[in-house]
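As provided, coords07.cif (mmCIF, C-alpha atoms) reads as follows.
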```cif
data_model
loop_
_atom_site.label_atom_id
_atom_site.label_comp_id
_atom_site.auth_asym_id
_atom_site.auth_seq_id
_atom_site.Cartn_x
_atom_site.Cartn_y
_atom_site.Cartn_z
CA MET A 1 74.59 20.94 51.14
CA ALA A 2 70.97 20.26 51.94
CA THR A 3 68.67 19.69 49.00
CA PHE A 4 64.96 19.55 48.27
CA ASP A 5 62.96 18.00 45.44
CA LEU A 6 62.10 20.26 42.57
CA GLU A 7 59.40 19.31 40.11
CA LEU A 8 58.70 21.36 37.04
CA VAL A 9 55.65 20.31 35.05
CA SER A 10 53.92 21.81 32.06
CA PRO A 11 50.59 20.52 30.74
CA GLU A 12 52.45 18.63 28.06
CA LYS A 13 55.17 16.99 30.09
CA LEU A 14 57.20 16.60 33.24
CA LEU A 15 60.30 18.67 32.57
CA LEU A 16 62.33 18.29 35.70
CA SER A 17 62.16 16.18 38.81
CA ARG A 18 65.26 15.92 40.95
CA PRO A 19 66.80 17.17 44.18
CA VAL A 20 68.37 20.62 43.94
CA GLU A 21 69.96 23.07 46.36
CA MET A 22 68.22 26.25 45.45
CA VAL A 23 65.78 27.52 42.88
CA ILE A 24 65.01 31.09 41.93
CA ILE A 25 61.47 31.50 40.65
CA PRO A 26 59.86 34.57 39.06
CA ALA A 27 56.97 35.04 41.49
CA ALA A 28 54.23 37.53 40.62
CA GLU A 29 55.50 40.00 43.17
CA GLY A 30 59.19 39.69 42.52
CA GLU A 31 61.85 37.03 42.12
CA MET A 32 62.10 34.61 44.94
CA GLY A 33 64.93 32.31 45.96
CA VAL A 34 63.81 29.09 47.60
CA LEU A 35 66.10 27.06 49.82
CA PRO A 36 65.36 23.82 51.65
CA GLY A 37 63.07 24.30 54.61
CA GLN A 38 61.14 27.23 53.15
CA ALA A 39 57.76 27.81 54.80
CA PRO A 40 54.80 26.41 52.80
CA MET A 41 53.52 28.82 50.16
CA ILE A 42 51.45 28.89 47.03
CA VAL A 43 52.57 31.60 44.64
CA ALA A 44 51.52 32.78 41.23
CA LEU A 45 54.28 33.19 38.66
CA LYS A 46 54.88 35.80 36.02
CA GLY A 47 56.80 35.25 32.81
CA GLY A 48 60.48 34.85 33.55
CA VAL A 49 63.42 32.55 33.97
CA ILE A 50 63.58 29.80 36.58
CA ARG A 51 67.14 29.22 37.72
CA VAL A 52 68.20 26.00 39.38
CA GLN A 53 71.32 25.88 41.53
CA GLU A 54 73.31 22.80 42.35
CA ASN A 55 76.76 22.72 43.94
CA GLY A 56 76.71 26.49 44.20
CA GLN A 57 76.26 26.96 40.46
CA VAL A 58 73.35 27.68 38.20
CA THR A 59 72.90 24.42 36.33
CA GLU A 60 69.58 24.90 34.62
CA ARG A 61 67.72 27.87 33.21
CA LEU A 62 64.19 27.52 32.00
CA PHE A 63 61.83 30.15 30.74
CA VAL A 64 58.21 29.97 31.90
CA MET A 65 55.26 31.96 30.59
CA GLY A 66 53.56 32.11 33.96
CA GLY A 67 51.93 29.55 36.19
CA PHE A 68 52.00 28.56 39.84
CA ALA A 69 54.37 27.13 42.39
CA GLU A 70 53.56 25.12 45.46
CA ILE A 71 56.30 25.29 48.05
CA THR A 72 56.63 22.99 51.03
CA PRO A 73 59.74 22.52 53.20
CA GLY A 74 60.85 19.41 51.33
CA ARG A 75 59.40 19.93 47.88
CA VAL A 76 58.75 22.61 45.29
CA THR A 77 56.28 21.98 42.50
CA VAL A 78 56.15 24.43 39.64
CA LEU A 79 53.13 24.28 37.35
CA ALA A 80 54.24 26.23 34.31
CA ASP A 81 51.87 27.26 31.53
CA GLU A 82 54.65 26.76 29.08
CA ALA A 83 58.30 26.03 29.81
CA THR A 84 61.35 26.06 27.54
CA PRO A 85 65.01 25.68 28.41
CA VAL A 86 66.59 29.08 27.82
CA ALA A 87 69.11 27.60 25.39
CA GLN A 88 66.25 26.53 23.13
CA LEU A 89 64.49 29.89 23.05
CA SER A 90 64.44 31.48 19.63
CA ARG A 91 64.73 35.19 19.16
CA ALA A 92 62.32 35.13 16.27
CA THR A 93 59.52 33.55 18.31
CA ALA A 94 60.18 35.94 21.15
CA ALA A 95 60.03 38.88 18.77
CA THR A 96 56.70 37.79 17.28
CA ARG A 97 55.32 37.23 20.77
CA VAL A 98 56.32 40.75 21.76
CA GLN A 99 54.75 42.15 18.61
CA GLU A 100 51.51 40.29 19.19
CA ALA A 101 51.35 41.38 22.80
CA GLU A 102 52.12 44.98 21.87
CA ALA A 103 49.38 44.94 19.25
CA ALA A 104 46.94 43.56 21.83
CA TYR A 105 48.02 46.24 24.27
CA ALA A 106 47.64 48.99 21.68
CA ALA A 107 44.12 47.74 20.97
CA THR A 108 42.99 48.24 24.55
CA THR A 109 40.76 51.23 25.21
CA VAL A 110 39.25 52.86 28.24
CA GLU A 111 36.34 50.44 27.91
CA THR A 112 38.50 47.34 28.23
CA ALA A 113 37.76 45.57 31.48
CA PRO A 114 40.54 46.10 34.01
CA GLU A 115 41.11 42.35 34.45
CA GLU A 116 41.50 41.94 30.73
CA ARG A 117 43.89 44.85 30.53
CA GLU A 118 45.92 43.34 33.31
CA ALA A 119 46.04 39.99 31.51
CA ILE A 120 47.23 41.70 28.35
CA MET A 121 49.82 43.66 30.29
CA ALA A 122 51.06 40.47 31.95
CA ARG A 123 51.36 38.83 28.56
CA LEU A 124 53.33 41.76 27.21
CA LEU A 125 55.70 41.74 30.16
CA ALA A 126 56.17 37.97 29.85
CA ALA A 127 56.90 38.33 26.14
CA ARG A 128 59.48 41.03 26.84
CA GLU A 129 61.10 38.83 29.47
CA MET A 130 61.20 36.07 26.90
CA SER A 131 62.99 38.21 24.36
CA VAL A 132 65.47 39.39 26.98
CA ALA A 133 66.17 35.78 27.93
CA ALA A 134 66.49 34.81 24.28
CA GLU A 135 68.98 37.62 23.64
CA ALA A 136 71.06 36.55 26.60
CA ALA A 137 71.13 32.89 25.59
CA MET B 1 25.96 -21.54 -8.15
CA ALA B 2 28.21 -18.63 -9.03
CA ASN B 3 30.65 -19.18 -11.85
CA LEU B 4 34.38 -19.47 -11.33
CA LYS B 5 35.34 -16.10 -12.72
CA GLU B 6 32.93 -14.28 -10.42
CA LEU B 7 34.27 -16.19 -7.41
CA ARG B 8 37.86 -15.38 -8.28
CA GLY B 9 36.94 -11.69 -8.47
CA ARG B 10 35.28 -11.75 -5.06
CA ILE B 11 38.19 -13.53 -3.43
CA ASN B 12 40.59 -10.94 -4.78
CA SER B 13 38.46 -8.03 -3.64
CA VAL B 14 38.13 -9.45 -0.12
CA LYS B 15 41.87 -10.02 -0.08
CA SER B 16 42.60 -6.40 -0.84
CA THR B 17 40.07 -5.30 1.77
CA ARG B 18 41.95 -7.42 4.26
CA LYS B 19 45.20 -5.74 3.31
CA ILE B 20 43.66 -2.32 3.89
CA THR B 21 42.15 -3.17 7.27
CA GLN B 22 45.41 -4.77 8.33
CA ALA B 23 47.34 -1.64 7.41
CA MET B 24 44.82 0.55 9.23
CA LYS B 25 45.21 -1.63 12.29
CA MET B 26 48.97 -1.12 12.25
CA VAL B 27 48.61 2.62 11.82
CA ALA B 28 46.08 2.80 14.65
CA ALA B 29 48.39 0.81 16.90
CA ALA B 30 51.27 3.20 16.27
CA LYS B 31 49.08 6.24 16.82
CA LEU B 32 47.61 4.68 19.92
CA ARG B 33 51.05 4.39 21.45
CA ARG B 34 51.74 8.05 20.76
CA ALA B 35 48.37 9.19 22.08
CA GLN B 36 48.82 7.12 25.20
CA SER B 37 52.24 8.55 25.95
CA GLN B 38 50.89 12.06 25.41
CA ALA B 39 48.06 11.33 27.83
CA GLU B 40 50.55 10.00 30.34
CA ALA B 41 52.75 13.08 29.99
CA ALA B 42 49.79 15.29 30.86
CA ARG B 43 48.97 13.38 34.01
CA PRO B 44 51.55 14.88 36.46
CA TYR B 45 50.35 18.41 35.76
CA ALA B 46 46.72 17.46 36.28
CA GLU B 47 47.54 15.68 39.52
CA ARG B 48 49.52 18.60 40.99
CA MET B 49 46.83 20.98 39.84
CA ALA B 50 44.16 18.95 41.62
CA ARG B 51 46.23 18.95 44.80
CA MET B 52 46.61 22.73 44.76
CA LEU B 53 42.96 23.26 43.97
CA ALA B 54 41.89 21.06 46.82
CA SER B 55 43.79 23.15 49.33
CA LEU B 56 42.73 26.46 47.78
CA GLY B 57 39.16 25.73 46.83
CA ALA B 58 38.02 24.69 50.26
CA ALA B 59 39.25 27.99 51.68
CA VAL B 60 37.32 30.15 49.21
CA ALA B 61 34.23 28.08 48.39
CA GLY B 62 32.29 29.28 51.42
CA SER B 63 32.67 33.00 50.77
CA PRO B 64 29.86 34.82 48.90
CA ASP B 65 32.11 36.30 46.18
CA ALA B 66 33.67 32.96 45.21
CA PRO B 67 34.42 32.84 41.48
CA LYS B 68 31.66 31.59 39.20
CA LEU B 69 33.93 28.95 37.70
CA LEU B 70 34.07 27.29 41.10
CA VAL B 71 30.53 27.60 42.41
CA GLY B 72 28.53 28.20 39.24
CA THR B 73 25.79 30.79 38.85
CA GLY B 74 23.67 29.34 41.62
CA ARG B 75 21.00 28.29 39.15
CA ASN B 76 20.43 25.00 37.41
CA GLN B 77 18.43 25.96 34.35
CA THR B 78 20.63 26.04 31.28
CA HIS B 79 22.97 23.13 30.67
CA LEU B 80 25.90 23.21 28.33
CA LEU B 81 27.04 19.80 27.13
CA VAL B 82 30.49 19.57 25.62
CA VAL B 83 30.66 16.35 23.63
CA VAL B 84 34.05 14.99 22.65
CA THR B 85 34.26 12.47 19.81
CA GLY B 86 36.67 11.41 17.10
CA ASP B 87 37.00 13.21 13.79
CA ARG B 88 36.89 10.05 11.75
CA GLY B 89 34.89 6.88 11.57
CA LEU B 90 35.85 3.23 11.12
CA ALA B 91 36.40 2.84 14.84
CA GLY B 92 33.68 0.41 15.82
CA PRO B 93 31.07 1.72 18.24
CA PHE B 94 33.37 4.45 19.63
CA ASN B 95 31.64 7.55 18.31
CA THR B 96 28.15 6.13 18.46
CA ASN B 97 28.53 5.28 22.13
CA VAL B 98 29.32 8.87 23.12
CA GLY B 99 26.65 10.12 20.76
CA ARG B 100 24.01 7.89 22.30
CA PHE B 101 25.11 8.84 25.81
CA ALA B 102 24.84 12.53 24.93
CA ARG B 103 21.47 12.06 23.26
CA ASN B 104 20.02 10.33 26.29
CA ARG B 105 21.39 13.05 28.54
CA ILE B 106 19.86 15.77 26.39
CA ARG B 107 16.47 14.04 26.37
CA GLU B 108 16.58 13.56 30.13
CA LEU B 109 17.42 17.19 30.76
CA GLU B 110 14.77 18.43 28.39
CA ALA B 111 12.19 16.18 29.99
CA GLU B 112 13.00 17.94 33.25
CA GLY B 113 12.28 21.26 31.55
CA LYS B 114 15.89 22.42 31.34
CA THR B 115 17.37 24.32 28.44
CA VAL B 116 20.17 22.45 26.73
CA LYS B 117 23.02 23.80 24.65
CA VAL B 118 25.46 21.58 22.83
CA MET B 119 29.05 22.12 21.87
CA THR B 120 30.93 19.39 20.05
CA ILE B 121 34.62 18.69 19.78
CA GLY B 122 35.23 16.31 16.90
CA ARG B 123 33.43 15.98 13.62
CA LYS B 124 31.60 12.69 14.19
CA GLY B 125 29.74 13.82 17.27
CA ALA B 126 28.53 16.92 15.45
CA ALA B 127 27.23 14.81 12.58
CA TYR B 128 25.50 12.42 14.94
CA LEU B 129 23.77 14.99 17.15
CA LYS B 130 22.94 17.52 14.44
CA ARG B 131 20.26 15.31 13.00
CA GLU B 132 18.15 15.63 16.09
CA PHE B 133 19.40 18.63 18.04
CA ALA B 134 20.63 21.12 15.44
CA SER B 135 18.78 23.98 17.13
CA ARG B 136 20.70 23.47 20.38
CA PHE B 137 24.13 23.82 18.82
CA VAL B 138 26.32 26.65 20.04
CA GLY B 139 29.67 25.53 18.75
CA GLU B 140 31.52 22.96 16.73
CA ILE B 141 35.22 22.38 17.02
CA THR B 142 37.33 19.95 15.06
CA PHE B 143 40.99 19.22 15.14
CA GLN B 144 40.92 17.74 11.71
CA GLY B 145 44.18 18.05 9.84
CA LYS B 146 46.15 18.57 13.03
CA ARG B 147 48.77 15.96 13.74
CA ARG B 148 48.53 16.34 17.48
CA VAL B 149 46.39 18.41 19.76
CA GLY B 150 48.34 20.70 22.05
CA PHE B 151 47.41 22.35 25.28
CA GLU B 152 46.80 25.68 23.51
CA GLU B 153 43.81 24.26 21.66
CA ALA B 154 42.27 23.04 24.90
CA ASP B 155 43.01 26.40 26.48
CA GLU B 156 41.19 28.17 23.67
CA ILE B 157 38.10 26.03 24.20
CA ALA B 158 38.28 26.70 27.94
CA GLN B 159 38.42 30.44 27.29
CA ARG B 160 35.40 30.20 25.06
CA ILE B 161 33.45 28.36 27.75
CA THR B 162 34.55 30.85 30.39
CA ALA B 163 33.39 33.74 28.24
CA MET B 164 30.01 32.05 27.76
CA LEU B 165 29.71 31.65 31.52
CA GLU B 166 30.56 35.32 32.07
CA HIS B 167 27.80 36.30 29.67
CA GLY B 168 25.39 34.09 31.59
CA GLU B 169 24.76 31.79 28.65
CA PHE B 170 24.62 28.66 30.80
CA ASP B 171 24.56 27.55 34.43
CA VAL B 172 25.97 24.06 34.42
CA CYS B 173 28.62 22.68 32.10
CA THR B 174 29.16 18.96 31.58
CA LEU B 175 31.87 17.32 29.55
CA ILE B 176 30.94 14.08 27.82
CA TYR B 177 33.74 11.91 26.49
CA ASN B 178 34.98 8.36 26.21
CA GLN B 179 36.98 7.44 29.23
CA PHE B 180 40.00 5.36 28.36
CA ARG B 181 39.83 2.27 30.57
CA SER B 182 42.06 0.08 28.43
CA VAL B 183 42.81 -0.51 24.79
CA ILE B 184 39.72 -2.68 24.45
CA SER B 185 37.39 -0.79 26.74
CA GLN B 186 36.24 2.82 26.53
CA VAL B 187 33.29 3.99 28.55
CA PRO B 188 31.34 7.18 27.84
CA VAL B 189 31.18 9.38 30.94
CA GLY B 190 29.70 12.74 31.82
CA GLN B 191 31.91 14.90 33.98
CA GLN B 192 30.63 18.12 35.50
CA LEU B 193 33.03 21.00 34.87
CA ILE B 194 31.11 23.99 36.20
CA PRO B 195 30.37 24.27 39.10
CA ALA B 196 33.68 22.53 39.68
CA GLU B 197 33.70 19.23 41.48
CA LEU B 198 36.57 19.73 43.85
CA PRO B 199 38.88 16.85 44.47
CA GLU B 200 38.35 15.99 48.11
CA ALA B 201 41.36 16.40 50.30
CA ALA B 202 41.28 14.28 53.42
CA PRO B 203 39.28 16.51 55.77
CA ALA B 204 41.51 16.06 58.80
CA ASN B 205 44.75 17.17 57.24
CA ALA B 206 43.04 19.65 54.90
CA THR B 207 42.48 22.12 57.70
CA THR B 208 46.00 21.80 58.96
CA ALA B 209 47.50 22.06 55.48
CA GLN B 210 45.48 25.18 54.69
CA ALA B 211 46.49 26.92 57.84
CA LEU B 212 50.08 26.35 56.86
CA TYR B 213 50.11 27.79 53.37
CA GLU B 214 50.98 31.36 52.71
CA TYR B 215 49.64 32.86 49.50
CA GLU B 216 51.27 35.36 47.24
CA PRO B 217 49.33 37.35 46.04
CA ASP B 218 46.14 36.34 47.94
CA GLU B 219 43.94 33.22 47.69
CA ALA B 220 41.31 34.86 45.53
CA THR B 221 43.78 36.11 42.91
CA ILE B 222 45.54 32.79 42.65
CA LEU B 223 42.26 30.94 42.46
CA ALA B 224 41.04 33.28 39.73
CA GLN B 225 44.07 32.27 37.67
CA LEU B 226 44.05 28.63 38.66
CA LEU B 227 40.42 27.86 37.79
CA PRO B 228 40.57 28.64 34.06
CA LYS B 229 43.78 26.59 33.88
CA ASN B 230 41.99 23.75 35.63
CA LEU B 231 39.15 23.93 33.13
CA ALA B 232 41.65 23.84 30.29
CA ILE B 233 43.49 20.85 31.72
CA GLN B 234 40.23 18.93 32.19
CA ILE B 235 39.33 19.53 28.57
CA TYR B 236 42.86 18.70 27.49
CA ARG B 237 42.69 15.43 29.38
CA ALA B 238 39.33 14.55 27.87
CA VAL B 239 40.63 15.28 24.38
CA LEU B 240 43.70 13.13 24.94
CA GLU B 241 41.71 10.26 26.43
CA ASN B 242 39.35 10.58 23.51
CA SER B 243 42.14 10.25 20.98
CA ALA B 244 43.78 7.37 22.82
CA GLY B 245 40.40 5.63 23.08
CA PHE B 246 39.66 6.35 19.46
CA PHE B 247 42.79 4.63 18.23
CA GLY B 248 42.28 1.75 20.63
CA SER B 249 38.77 1.27 19.35
CA GLN B 250 39.88 1.62 15.75
CA MET B 251 42.60 -0.94 16.27
CA ASN B 252 40.05 -3.39 17.61
CA ALA B 253 37.55 -2.73 14.87
CA MET B 254 40.21 -3.21 12.23
CA ASP B 255 41.48 -6.37 13.89
CA ASN B 256 37.97 -7.81 13.77
CA ALA B 257 37.55 -6.73 10.19
CA THR B 258 40.81 -8.39 9.24
CA ARG B 259 39.73 -11.61 10.90
CA ASN B 260 36.32 -11.53 9.27
CA ALA B 261 37.92 -10.97 5.91
CA GLY B 262 40.11 -14.02 6.53
CA ASP B 263 37.06 -16.16 7.34
CA MET B 264 35.31 -14.90 4.26
CA ILE B 265 38.29 -15.72 2.06
CA ASN B 266 38.36 -19.27 3.45
CA LYS B 267 34.67 -19.76 2.74
CA LEU B 268 34.92 -18.35 -0.74
CA THR B 269 37.96 -20.46 -1.53
CA LEU B 270 36.09 -23.56 -0.43
CA THR B 271 33.16 -22.74 -2.68
CA TYR B 272 35.56 -21.93 -5.50
CA ASN B 273 37.32 -25.30 -5.22
CA ARG B 274 34.04 -27.21 -4.96
CA THR B 275 32.73 -25.50 -8.03
CA ARG B 276 35.96 -26.18 -9.92
CA GLN B 277 35.84 -29.88 -9.00
CA ALA B 278 32.19 -30.14 -9.94
CA ASN B 279 33.04 -28.63 -13.30
CA ILE B 280 35.86 -31.12 -13.87
CA THR B 281 33.67 -34.05 -12.85
CA ARG B 282 30.92 -32.88 -15.17
CA GLU B 283 33.34 -32.53 -18.06
CA LEU B 284 34.78 -36.01 -17.41
CA ILE B 285 31.32 -37.54 -17.38
CA GLU B 286 30.57 -35.83 -20.65
CA ILE B 287 33.76 -37.15 -22.24
CA ILE B 288 33.27 -40.68 -20.92
CA SER B 289 29.66 -40.88 -21.92
CA GLY B 290 30.60 -39.42 -25.31
CA ALA B 291 33.28 -42.14 -25.72
CA GLU B 292 30.84 -44.87 -24.73
CA ALA B 293 28.31 -43.69 -27.23
CA LEU B 294 30.81 -44.24 -30.06
#
```
Can you dump the structure from the file as structure tokens?
Amino acid sequence: MATFDLELVSPEKLLLSRPVEMVIIPAAEGEMGVLPGQAPMIVALKGGVIRVQENGQVTERLFVMGGFAEITPGRVTVLADEATPVAQLSRATAATRVQEAEAAYAATTVETAPEEREAIMARLLAAREMSVAAEAA
Amino acid sequence: MANLKELRGRINSVKSTRKITQAMKMVAAAKLRRAQSQAEAARPYAERMARMLASLGAAVAGSPDAPKLLVGTGRNQTHLLVVVTGDRGLAGPFNTNVGRFARNRIRELEAEGKTVKVMTIGRKGAAYLKREFASRFVGEITFQGKRRVGFEEADEIAQRITAMLEHGEFDVCTLIYNQFRSVISQVPVGQQLIPAELPEAAPANATTAQALYEYEPDEATILAQLLPKNLAIQIYRAVLENSAGFFGSQMNAMDNATRNAGDMINKLTLTYNRTRQANITRELIEIISGAEAL
């Protein structure tokens, strides 16, 4: 089957760089499956799990806290704010993240700027995704 | 001439100094390797980020509601200088070089009638600049006691700077740090962060590339998220280069110190042996002349 190059980088390291068949990325407006030859796009990511498929099977699952992806027909580059293989996620960290985010959300008032409220909401959703992924692992 | 006991004491003390500087050199070398690999690990992200920014920034920069992080406030009155130095000394001219660079920059700007604000990252820079410019300080950050600096710390600093920009506390932000050329050469540089200096994409293919990209959500939203990240990664890179440069400089300084201590020991040993021989000769003469007198 046709493949394309997938690169997954976080500020601290290059996590993945190899040809794959398909990748499913948690784009800001819904999950998105990318196959070779996809039209060029730049998308924002929300917190969620990136799934990599090779030989018709999911071979790699990584959790990202948000970021960006640049898609060209022959290459996908994911710039993740923070990326962890799902198997290494810990429930305890996920739980504290959710708690923190919930506390931040509870602290918002009518006066909070809408952008800020959105950022807090996004963080909360990402944290919940993280705990779901951690439970499943 | 000094007596023998005093000389012996000095030789021993220089010897132990040499042991210490030698150990510090080893430690710096090990830390340098780690800092360098961390800096290398951060490079791919920064490169990809620059590529994305180049294609996005050009599309939005012309519009009147372009984000402040990209185009600045449109004024050029208040300058914020972010000075990155090491937290510790004993690294040769490393900290002083950045300090002097920053001081000259501050004087230049003030001579032009600009308002200057200073933020330091690293303890040594704060100590150096406080003497003269304490009233311009708006923030001091140190990573002292941290084994390694992560991206989160850089992100926090970036958020602080962004908030200051939103409140209109400055117009232009410049990052001053030691650029890591090689282990033996670090050069202080000033890099303008806000308004952002966009990496230039080749103009011919830039237009074609832009036309091709689809954006989800839209350009402005993505750019609004990308710019603070870019700021954070620039600071992160400066901090990493700073720490790699610091250890490189420290390694050099300690190598020189070790060599100097070796030279000093040789000189002292020579004096010690001369003095010892002179003493023996004098004693012999005394004995012989005493025997002759009998």
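What chain A places within 8 Å of chain B, counting all atoms listed in the file, is Val9, Ser10, Pro11, Glu12, Lys13, Leu14, Ala28, Glu29, Ala39, Pro40, Met41, Ile42, Val43, Ala44, Glu70, Thr77 and Leu79 of chain A.
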Would you mind exporting C-alpha atoms of the selected residues as a tab-separated table (two decimals), keeping the file's coordinate frame?
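As a result, result-v3.tsv now contains:
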```tsv
chain	number	residue	atom	x	y	z
A	9	VAL	CA	55.65	20.31	35.05
A	10	SER	CA	53.92	21.81	32.06
A	11	PRO	CA	50.59	20.52	30.74
A	12	GLU	CA	52.45	18.63	28.06
A	13	LYS	CA	55.17	16.99	30.09
A	14	LEU	CA	57.20	16.60	33.24
A	28	ALA	CA	54.23	37.53	40.62
A	29	GLU	CA	55.50	40.00	43.17
A	39	ALA	CA	57.76	27.81	54.80
A	40	PRO	CA	54.80	26.41	52.80
A	41	MET	CA	53.52	28.82	50.16
A	42	ILE	CA	51.45	28.89	47.03
A	43	VAL	CA	52.57	31.60	44.64
A	44	ALA	CA	51.52	32.78	41.23
A	70	GLU	CA	53.56	25.12	45.46
A	77	THR	CA	56.28	21.98	42.50
A	79	LEU	CA	53.13	24.28	37.35
```
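What the PyMOL selection byres ((chain A and resi 55-67) around 7) matches in the given file is Ala44, Leu45, Lys46, Gly47, Gly48, Val49, Ile50, Arg51, Val52, Gln53, Glu54, Phe68, Leu79, Ala80, Asp81, Glu82, Ala83, Thr84, Pro85, Val86 and Ala126 of chain A.
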Atoms kept (C-alpha atoms) for selection, written as a compact mmCIF listing (two decimals), in the coordinates of the input:
```txt
# COMPACT_ATOMS: atom_id res chain seq x y z
CA ALA A 44 51.52 32.78 41.23
CA LEU A 45 54.28 33.19 38.66
CA LYS A 46 54.88 35.80 36.02
CA GLY A 47 56.80 35.25 32.81
CA GLY A 48 60.48 34.85 33.55
CA VAL A 49 63.42 32.55 33.97
CA ILE A 50 63.58 29.80 36.58
CA ARG A 51 67.14 29.22 37.72
CA VAL A 52 68.20 26.00 39.38
CA GLN A 53 71.32 25.88 41.53
CA GLU A 54 73.31 22.80 42.35
CA PHE A 68 52.00 28.56 39.84
CA LEU A 79 53.13 24.28 37.35
CA ALA A 80 54.24 26.23 34.31
CA ASP A 81 51.87 27.26 31.53
CA GLU A 82 54.65 26.76 29.08
CA ALA A 83 58.30 26.03 29.81
CA THR A 84 61.35 26.06 27.54
CA PRO A 85 65.01 25.68 28.41
CA VAL A 86 66.59 29.08 27.82
CA ALA A 126 56.17 37.97 29.85
```
* Using the chain letters and numbers from the file, which residues does the PyMOL selection byres ((chain A and resi 123) around 12) grab, as a VMD selection string? -> chain A and resid 45 to 48 64 to 66 81 94 97 to 105 116 to 122 124 to 130
* Residues within 9 Å of Leu193 of chain B, all atoms listed in the file, excluding chain neighbours under 2 positions, as a PyMOL selection string -> chain B and resi 69-70+172-175+191+195-197+231+234
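Minimum atom-to-atom distance to Asn76 of chain B, evaluated using only C-alpha atoms, belongs to B:Lys114 out of B:Lys114, B:Lys146, B:Arg100, B:Arg107.
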* If you apply the PyMOL selection byres ((chain B and resi 135) around 12) to this file, what residues do you get, as a ChimeraX atom specification? -> /B:115-119,129-134,136-139
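Between atom CA of Ala30 of chain B and atom CA of Asn97 of chain B the interatomic distance comes to 23.6 Å.
Interatomic distance, atom CA of Lys5 of chain B to atom CA of Ala278 of chain B: 14.7 Å.
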* Asked: Can you tell me, as a ChimeraX atom specification, what residues are no more than 8 Å from Ala238 of chain B when counting all atoms listed in the file, ignoring any on the same chain fewer than 2 positions away?
  -> /B:84,177-179,234-236,240-242
* Structure fact -> As a check of understanding: the span from atom CA of Leu32 of chain B to atom CA of Glu156 of chain B is 24.6 Å
Box time for segment 39-56 of chain B: axis-aligned, enclosing all its listed atoms, 3 Å extra on each side; report centre and edge lengths in Å to one decimal, as lines of an AutoDock Vina configuration file.
```
center_x = 47.3
center_y = 18.2
center_z = 38.6
size_x = 16.9
size_y = 22.5
size_z = 27.5
```
* **Exercise: Lys19 of chain B partners within 12 Å, all atoms listed in the file, chain neighbours under 3 positions left out, as an NGL selection string** => :B and (12-16 or 22-26 or 254-255 or 257-259 or 261-262)
* Structure fact -> Between B:Leu294, B:Ile265, B:Leu227, B:Ala127, smallest distance to Ile141 of chain B by only C-alpha atoms belongs to B:Ala127
Save segment 77-85 of chain B to a file: N, CA, C and O atoms, as a compact mmCIF listing (two decimals), in the first residue's frame.
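part_3.txt, freshly written:
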```txt
# COMPACT_ATOMS: atom_id res chain seq x y z
N GLN B 77 8.51 52.92 21.05
CA GLN B 77 8.92 53.77 22.16
C GLN B 77 9.51 52.96 23.32
O GLN B 77 10.62 53.22 23.75
N THR B 78 8.76 51.98 23.79
CA THR B 78 9.22 51.24 24.95
C THR B 78 9.83 49.91 24.51
O THR B 78 9.20 49.15 23.78
N HIS B 79 11.06 49.69 24.94
CA HIS B 79 11.75 48.45 24.57
C HIS B 79 11.86 47.54 25.78
O HIS B 79 12.22 47.97 26.86
N LEU B 80 11.54 46.29 25.57
CA LEU B 80 11.75 45.29 26.60
C LEU B 80 12.94 44.44 26.19
O LEU B 80 12.95 43.87 25.10
N LEU B 81 13.96 44.38 27.06
CA LEU B 81 15.10 43.53 26.76
C LEU B 81 15.06 42.32 27.67
O LEU B 81 14.98 42.46 28.89
N VAL B 82 15.06 41.15 27.09
CA VAL B 82 15.11 39.92 27.86
C VAL B 82 16.53 39.40 27.78
O VAL B 82 17.00 39.05 26.70
N VAL B 83 17.22 39.40 28.92
CA VAL B 83 18.64 39.05 28.92
C VAL B 83 18.83 37.66 29.52
O VAL B 83 18.46 37.43 30.67
N VAL B 84 19.41 36.77 28.75
CA VAL B 84 19.60 35.40 29.22
C VAL B 84 21.06 35.19 29.59
O VAL B 84 21.95 35.40 28.77
N THR B 85 21.31 34.79 30.83
CA THR B 85 22.67 34.48 31.27
C THR B 85 22.65 33.20 32.09
O THR B 85 21.60 32.64 32.33
```
